[in-house]
Amino acid sequence: MYVFAYAMQLLALLCALGGGGMALLQLWQGRADSLRLIEKAHWAVTGGLLLASALLLHALYWHDFSLQYVASYTDLILPVFYRLTAFWAGQPGSMLFWALAVSLSGSIFACTRACRNLSPATKLWYWTFFYVIMAFFTLILTNWSNPFLMQTPAPADGNGLNPLLQNPGMIFHPPLLFLGYGGFTVPACLALAQALSRRGRCEGPWFRLARPFIILAWLFLTAGIVLGAWWAYMELGWGGYWAWDPVENASLIPWLIGTAALHTLIVEERRGKLGRVNVAMMALTTVSAFFATYLVRSGVIDSVHAFGDGSVGTPLTVFVLAGLAVTFWVACTAPREGKPLAGLDSREGFLTLVAWVLLALAVIILVATMWPVISKLWTTAPRGLDANFYNRVCLPLGALLLVMMAACPWLGWNGGMRGKGRFFAVLGAFVAGGIVIWALGYRQPTALLGSSAAIAVSLGVILLLTDSAVRRQPASLGALGAHLGMALAALGIAFSGPYTQDKEMYLAPGQTEQVGGYTATLLEIKDGRQPGYDFIAARLQISKDGKNLGIVAPERRMYDKFGSMQFSEVDVIPGLGNEVYASLLGLDEEMRVLVKVSVEPLVNWIWIGGTLMCLVPLLGLRRRTSPAREPDGEDGPDDGKGDSTTASAGNA
């Protein structure tokens, strides 16, 4: 059965190589008579990967430990939903899932009217790029990272799934990232194809044809990152949600590039400018996703949740470098169109500046993440950059982006201010918010600037929604929802980061300690046994000003199959203001527990804002009710309030 699964991967490789090679041959010969056959090859690629995936899920469900992958990541006591999601717990399975996500995205696009209406030349270039990517995936799966390796004799039980991955966040976090990466592949291939065929005028620009894929890919990637942060907060037990870990940074880099592309696409859609830039940035989004995979799977960087030293590092390096070369070659050879950009006092100038800041953040994070590798050029003892570096450099740029988000909707396309009354209301909210926050004692500069700007952005969104023209534009509603979500998340980050109060305390039953105005009283210490692990739990009563708020019961677990390693299970008392967060660190010789209790201000607004960012832009999938393009020299009839007043996912 698993020989058949491997054969399906091999079939997908051969069909991808055949389809891509035939498309190149047709382009070289100036013909398109085999186009229908080339297009049908993707069904064989997708079908082969679907069958292989189904067989892997079958093996996971039925505990078939004759498969090395199943034995490595599951055991007999693992619940079925974690057993099935072990599909992407290891390197071979996650590569298969990513390949499946890309192939499904391509197959869905092939069924759309937009794809059917492409010119033959664009189709041939599109399938060339798409099949090259699929050939690379299937080459990895059939050579260096095959999930269908067998072992004899089959063990009676497996090694089990890493307890850190036995969390609801990890059920959805990795597949959402892969769906985001896979979704961006379609517009990337289409952008390169249309730049080479130069048929955009007759078949419609690529970013309109691939609009649903751009929006959905951005939403999936955003949701994956937000869920990953929530998982870190709830599972790792240190009280934070973003540690600038290399694997965290790996997913953030394509998100930053993709978000920058969404902003410059607005300029091209409304003003017909930055065409070559957008081709490059959409392709770079996909290339950076492969670079993220390189960081996670090559072993080049140490990380708490990387896959370690793998055999796919060299192939990924070659593919990323080749992708960069092709991207810049196509972008440079594409025709230059449109007039020069207006000044920075215009909306198109501001949108471009926003994109540059996002790209600057991506470059800074990339260089900092790779610093241990880069510094090997001049030292034998390279060291990585810690979280303090990222916070000092990246957070001020993030606060600057929020300020720009607050100001951008009120700028005219050709310069000057529009909607001055509402702009001054937003400016007043920014100043008043800063004064109030300062008076309340929150005076860390970056947090003060970011939170004040978040208040201004929120008021700006509300003011824009009072206009009926905006409410009639689904894309505008999607963009405004994304901006509001970003503002709420930024508000949570501004307060939960620098103003968290925590304390480690040794407690015996009946003893109390205070932290941040809250009182923690240890009620009891429990120990026990659950299937697969032993645990110690501490039950703490949390109160404030004499009022009992609830009980937290953090645990420390020791799993049978993970030796002396201990894993923390945190507990919280949630709130829209402060959240009380407790983790159990250990037990001393006097039978006192060491617990860490934190008071996390506004942390849940991160998850609320992240949810808005992931859901509301779905409204932008609906078609516009009016033409998008505005001629040069005109600001259009929306008076600064139409679908271009914001710069976010829904407007791409």
# chains A, B, ... in the order shown; residues from 1 in each chain; ligands from 1
$ select_by_dssp --residues "segment 104-205 of chain A" --states "helix (DSSP H, G or I)" --output "PDB file with C-alpha atoms, in the first residue's frame"
ATOM      1  CA  LEU A 104      -5.027  22.265  -4.676  1.00  0.00           C
ATOM      2  CA  SER A 105      -4.636  26.032  -5.072  1.00  0.00           C
ATOM      3  CA  GLY A 106      -3.478  25.529  -8.649  1.00  0.00           C
ATOM      4  CA  SER A 107      -6.320  23.140  -9.418  1.00  0.00           C
ATOM      5  CA  ILE A 108      -8.911  25.539  -8.002  1.00  0.00           C
ATOM      6  CA  PHE A 109      -7.485  28.373 -10.088  1.00  0.00           C
ATOM      7  CA  ALA A 110      -7.564  26.160 -13.187  1.00  0.00           C
ATOM      8  CA  ARG A 113     -13.167  31.756 -15.500  1.00  0.00           C
ATOM      9  CA  ALA A 114     -10.107  33.952 -14.981  1.00  0.00           C
ATOM     10  CA  CYS A 115      -7.806  31.073 -15.851  1.00  0.00           C
ATOM     11  CA  ARG A 116      -9.873  29.958 -18.825  1.00  0.00           C
ATOM     12  CA  PRO A 120      -2.242  30.852 -24.536  1.00  0.00           C
ATOM     13  CA  ALA A 121       1.125  32.547 -23.964  1.00  0.00           C
ATOM     14  CA  THR A 122       0.225  33.530 -20.392  1.00  0.00           C
ATOM     15  CA  LYS A 123      -1.115  30.045 -19.692  1.00  0.00           C
ATOM     16  CA  LEU A 124       2.071  28.419 -20.940  1.00  0.00           C
ATOM     17  CA  TRP A 125       4.257  30.659 -18.773  1.00  0.00           C
ATOM     18  CA  TYR A 126       1.940  30.186 -15.784  1.00  0.00           C
ATOM     19  CA  TRP A 127       2.030  26.410 -16.006  1.00  0.00           C
ATOM     20  CA  THR A 128       5.798  26.485 -16.507  1.00  0.00           C
ATOM     21  CA  PHE A 129       6.343  28.269 -13.193  1.00  0.00           C
ATOM     22  CA  PHE A 130       3.657  26.266 -11.395  1.00  0.00           C
ATOM     23  CA  TYR A 131       5.014  22.908 -12.529  1.00  0.00           C
ATOM     24  CA  VAL A 132       8.566  23.898 -11.600  1.00  0.00           C
ATOM     25  CA  ILE A 133       7.365  24.491  -8.031  1.00  0.00           C
ATOM     26  CA  MET A 134       5.421  21.218  -7.979  1.00  0.00           C
ATOM     27  CA  ALA A 135       8.385  19.332  -9.430  1.00  0.00           C
ATOM     28  CA  PHE A 136      10.584  20.696  -6.658  1.00  0.00           C
ATOM     29  CA  PHE A 137       8.113  19.622  -3.974  1.00  0.00           C
ATOM     30  CA  THR A 138       7.700  16.134  -5.357  1.00  0.00           C
ATOM     31  CA  LEU A 139      11.468  15.788  -5.857  1.00  0.00           C
ATOM     32  CA  ILE A 140      11.889  16.546  -2.141  1.00  0.00           C
ATOM     33  CA  LEU A 141       9.185  14.022  -1.252  1.00  0.00           C
ATOM     34  CA  THR A 142      10.558  11.228  -3.405  1.00  0.00           C
ATOM     35  CA  ASN A 143      14.199  11.697  -2.424  1.00  0.00           C
ATOM     36  CA  PRO A 163       3.565  17.234  24.244  1.00  0.00           C
ATOM     37  CA  LEU A 164       4.141  20.826  23.114  1.00  0.00           C
ATOM     38  CA  LEU A 165       2.228  19.971  19.937  1.00  0.00           C
ATOM     39  CA  PRO A 168      -5.548  22.996  19.857  1.00  0.00           C
ATOM     40  CA  GLY A 169      -3.468  25.851  18.481  1.00  0.00           C
ATOM     41  CA  MET A 170      -1.094  23.400  16.838  1.00  0.00           C
ATOM     42  CA  ILE A 171      -3.969  21.566  15.168  1.00  0.00           C
ATOM     43  CA  PHE A 172      -4.645  24.639  13.024  1.00  0.00           C
ATOM     44  CA  HIS A 173      -1.485  26.764  13.149  1.00  0.00           C
ATOM     45  CA  PRO A 174       0.774  24.803  10.720  1.00  0.00           C
ATOM     46  CA  PRO A 175      -1.899  23.999   8.087  1.00  0.00           C
ATOM     47  CA  LEU A 176      -3.036  27.631   8.010  1.00  0.00           C
ATOM     48  CA  LEU A 177       0.538  28.735   7.348  1.00  0.00           C
ATOM     49  CA  PHE A 178       0.887  26.189   4.552  1.00  0.00           C
ATOM     50  CA  LEU A 179      -2.439  27.220   3.042  1.00  0.00           C
ATOM     51  CA  GLY A 180      -1.186  30.807   3.083  1.00  0.00           C
ATOM     52  CA  TYR A 181       2.083  29.851   1.433  1.00  0.00           C
ATOM     53  CA  GLY A 182       0.253  27.696  -1.107  1.00  0.00           C
ATOM     54  CA  GLY A 183      -2.331  30.377  -1.866  1.00  0.00           C
ATOM     55  CA  PHE A 184       0.333  32.960  -2.687  1.00  0.00           C
ATOM     56  CA  THR A 185       1.854  30.574  -5.235  1.00  0.00           C
ATOM     57  CA  VAL A 186      -0.969  31.137  -7.737  1.00  0.00           C
ATOM     58  CA  PRO A 187      -0.707  34.970  -7.950  1.00  0.00           C
ATOM     59  CA  ALA A 188       3.099  34.718  -7.911  1.00  0.00           C
ATOM     60  CA  CYS A 189       3.152  32.378 -10.924  1.00  0.00           C
ATOM     61  CA  LEU A 190       0.485  34.450 -12.686  1.00  0.00           C
ATOM     62  CA  ALA A 191       2.356  37.714 -12.085  1.00  0.00           C
ATOM     63  CA  LEU A 192       5.555  36.291 -13.576  1.00  0.00           C
ATOM     64  CA  ALA A 193       3.648  34.715 -16.465  1.00  0.00           C
ATOM     65  CA  GLN A 194       1.813  37.880 -17.451  1.00  0.00           C
ATOM     66  CA  ALA A 195       4.970  39.961 -17.144  1.00  0.00           C
ATOM     67  CA  LEU A 196       6.598  37.675 -19.723  1.00  0.00           C
ATOM     68  CA  SER A 197       3.609  37.277 -22.044  1.00  0.00           C
ATOM     69  CA  GLY A 200      -2.267  42.103 -19.332  1.00  0.00           C
ATOM     70  CA  ARG A 201      -4.158  44.721 -21.312  1.00  0.00           C
ATOM     71  CA  CYS A 202      -6.282  42.218 -23.213  1.00  0.00           C
ATOM     72  CA  GLU A 203      -6.913  39.622 -20.488  1.00  0.00           C
TER      73      GLU A 203
END
$ residues_around --residues "Leu587 of chain A" --least-positions-apart "2" --cutoff "10 Å" --atoms "only C-alpha atoms" --output "PDB file with N, CA, C and O atoms, in the first residue's frame"
ATOM      1  N   TYR A 506       7.246  31.061  46.093  1.00  0.00           N
ATOM      2  CA  TYR A 506       7.179  29.764  46.751  1.00  0.00           C
ATOM      3  C   TYR A 506       5.997  29.781  47.714  1.00  0.00           C
ATOM      4  O   TYR A 506       5.893  30.665  48.580  1.00  0.00           O
ATOM      5  N   LEU A 507       5.101  28.818  47.578  1.00  0.00           N
ATOM      6  CA  LEU A 507       3.903  28.798  48.405  1.00  0.00           C
ATOM      7  C   LEU A 507       3.650  27.403  48.964  1.00  0.00           C
ATOM      8  O   LEU A 507       3.761  26.398  48.249  1.00  0.00           O
ATOM      9  N   ILE A 525      -2.079  21.286  46.796  1.00  0.00           N
ATOM     10  CA  ILE A 525      -1.172  20.702  45.811  1.00  0.00           C
ATOM     11  C   ILE A 525      -1.680  19.298  45.515  1.00  0.00           C
ATOM     12  O   ILE A 525      -1.948  18.515  46.439  1.00  0.00           O
ATOM     13  N   ILE A 536       1.708  17.151  38.484  1.00  0.00           N
ATOM     14  CA  ILE A 536       1.557  17.884  39.739  1.00  0.00           C
ATOM     15  C   ILE A 536       0.764  19.133  39.409  1.00  0.00           C
ATOM     16  O   ILE A 536       1.052  19.815  38.416  1.00  0.00           O
ATOM     17  N   ALA A 538      -1.218  22.745  41.055  1.00  0.00           N
ATOM     18  CA  ALA A 538      -1.402  23.672  42.170  1.00  0.00           C
ATOM     19  C   ALA A 538      -2.688  24.457  41.932  1.00  0.00           C
ATOM     20  O   ALA A 538      -2.872  25.036  40.866  1.00  0.00           O
ATOM     21  N   ARG A 556       2.291  20.710  36.086  1.00  0.00           N
ATOM     22  CA  ARG A 556       3.602  20.294  35.579  1.00  0.00           C
ATOM     23  C   ARG A 556       3.469  18.829  35.227  1.00  0.00           C
ATOM     24  O   ARG A 556       3.062  18.008  36.069  1.00  0.00           O
ATOM     25  N   LEU A 584       3.118  26.661  36.716  1.00  0.00           N
ATOM     26  CA  LEU A 584       3.776  25.930  37.795  1.00  0.00           C
ATOM     27  C   LEU A 584       5.194  25.593  37.347  1.00  0.00           C
ATOM     28  O   LEU A 584       5.394  24.906  36.344  1.00  0.00           O
ATOM     29  N   LEU A 585       6.178  26.070  38.113  1.00  0.00           N
ATOM     30  CA  LEU A 585       7.575  25.884  37.732  1.00  0.00           C
ATOM     31  C   LEU A 585       8.226  24.692  38.403  1.00  0.00           C
ATOM     32  O   LEU A 585       9.197  24.146  37.881  1.00  0.00           O
ATOM     33  N   GLU A 589      12.019  20.834  48.145  1.00  0.00           N
ATOM     34  CA  GLU A 589      12.144  19.752  49.110  1.00  0.00           C
ATOM     35  C   GLU A 589      11.191  19.915  50.285  1.00  0.00           C
ATOM     36  O   GLU A 589      10.886  18.950  50.991  1.00  0.00           O
ATOM     37  N   GLU A 590      10.735  21.136  50.547  1.00  0.00           N
ATOM     38  CA  GLU A 590       9.821  21.392  51.655  1.00  0.00           C
ATOM     39  C   GLU A 590       8.357  21.303  51.221  1.00  0.00           C
ATOM     40  O   GLU A 590       7.464  21.760  51.935  1.00  0.00           O
ATOM     41  N   MET A 591       8.150  20.729  50.044  1.00  0.00           N
ATOM     42  CA  MET A 591       6.799  20.553  49.497  1.00  0.00           C
ATOM     43  C   MET A 591       6.082  21.875  49.282  1.00  0.00           C
ATOM     44  O   MET A 591       4.869  22.008  49.438  1.00  0.00           O
ATOM     45  N   ARG A 592       6.863  22.870  48.905  1.00  0.00           N
ATOM     46  CA  ARG A 592       6.281  24.132  48.470  1.00  0.00           C
ATOM     47  C   ARG A 592       6.356  24.184  46.954  1.00  0.00           C
ATOM     48  O   ARG A 592       7.333  23.727  46.358  1.00  0.00           O
ATOM     49  N   VAL A 593       5.337  24.756  46.341  1.00  0.00           N
ATOM     50  CA  VAL A 593       5.356  24.889  44.888  1.00  0.00           C
ATOM     51  C   VAL A 593       5.973  26.231  44.509  1.00  0.00           C
ATOM     52  O   VAL A 593       5.808  27.233  45.223  1.00  0.00           O
ATOM     53  N   LEU A 594       6.685  26.212  43.404  1.00  0.00           N
ATOM     54  CA  LEU A 594       7.179  27.456  42.813  1.00  0.00           C
ATOM     55  C   LEU A 594       6.269  27.786  41.640  1.00  0.00           C
ATOM     56  O   LEU A 594       6.226  27.052  40.646  1.00  0.00           O
ATOM     57  N   VAL A 595       5.508  28.853  41.781  1.00  0.00           N
ATOM     58  CA  VAL A 595       4.591  29.256  40.722  1.00  0.00           C
ATOM     59  C   VAL A 595       4.959  30.655  40.251  1.00  0.00           C
ATOM     60  O   VAL A 595       5.499  31.469  41.011  1.00  0.00           O
TER      61      VAL A 595
END
$ atom_distance --atom1 "atom CA of Gln541 of chain A" --atom2 "atom CA of Tyr442 of chain A"
28.4 Å
$ residues_around --residues "segment 542-555 of chain A" --least-positions-apart "6" --cutoff "6 Å" --atoms "only C-alpha atoms" --output "list in words"
Tyr518, Thr519, Ala520, Ile536, Ser568, Glu569, Val570, Asp571, Ser583 and Leu584 of chain A
$ write_last_selection --atoms "C-alpha atoms" --output "PDB file, in the first residue's frame"
ATOM      1  CA  TYR A 518      -3.840  40.704  42.981  1.00  0.00           C
ATOM      2  CA  THR A 519      -3.540  38.178  45.793  1.00  0.00           C
ATOM      3  CA  ALA A 520      -2.703  34.540  45.087  1.00  0.00           C
ATOM      4  CA  ILE A 536       1.557  17.884  39.739  1.00  0.00           C
ATOM      5  CA  SER A 568       4.034  23.196  31.736  1.00  0.00           C
ATOM      6  CA  GLU A 569       0.256  23.505  31.413  1.00  0.00           C
ATOM      7  CA  VAL A 570      -0.769  27.059  32.255  1.00  0.00           C
ATOM      8  CA  ASP A 571      -4.100  28.328  33.467  1.00  0.00           C
ATOM      9  CA  SER A 583       2.335  28.573  35.478  1.00  0.00           C
ATOM     10  CA  LEU A 584       3.776  25.930  37.795  1.00  0.00           C
TER      11      LEU A 584
END
$ atom_distance --atom1 "atom CA of Leu385 of chain A" --atom2 "atom CA of Trp242 of chain A"
14.7 Å
$ closest_residue --among "A:Ala243, A:Leu252, A:Ala292, A:Leu78" --to "Gly497 of chain A" --atoms "only C-alpha atoms"
A:Ala243
$ residues_around --residues "Ser53 of chain A" --least-positions-apart "3" --cutoff "12 Å" --atoms "only C-alpha atoms" --output "ChimeraX atom specification"
/A:2,4-6,8-9,46-50,56-60,84-85,87-88,92-101,141,146-148
$ closest_residue --among "A:Val318, A:Val457, A:Leu576, A:Val279" --to "Pro335 of chain A" --atoms "only C-alpha atoms"
A:Val279
$ closest_residue --among "A:Ser72, A:Asn388, A:Ser496, A:Gln151" --to "Ser451 of chain A" --atoms "only C-alpha atoms"
A:Ser496
$ residues_around --residues "segment 63-67 of chain A" --least-positions-apart "2" --cutoff "8 Å" --atoms "only C-alpha atoms" --output "list in words"
Ala59, Leu60, Tyr61, Tyr69, Val70, Ala71, Thr74, Asp75, Leu76, Phe148, Leu149, Met150, Gln151, Thr152, Pro153, Ala154, Pro155, Ala156, Asp157 and Gly158 of chain A
$ atom_distance --atom1 "atom CA of Met404 of chain A" --atom2 "atom CA of Thr500 of chain A"
27.0 Å
$ closest_atom_pairs --of "segment 164-277 of chain A" --to "segment 462-476 of chain A" --cutoff "12 Å" --atoms "only C-alpha atoms" --output "CSV"
residue,atom,partner,partner_atom,distance
A:Arg211,CA,A:Ala475,CA,11.0
A:Pro212,CA,A:Ala475,CA,11.4
A:Ile215,CA,A:Ala475,CA,10.4
A:Ile266,CA,A:Ala475,CA,11.3
$ residues_around --residues "Phe562 of chain A" --least-positions-apart "4" --cutoff "12 Å" --atoms "only C-alpha atoms" --output "list in words"
Asn159, Gly160, Leu161, Asn162, Pro163, Leu164, Gly532, Tyr533, Asp534, Arg557, Met558, Gln566 and Phe567 of chain A
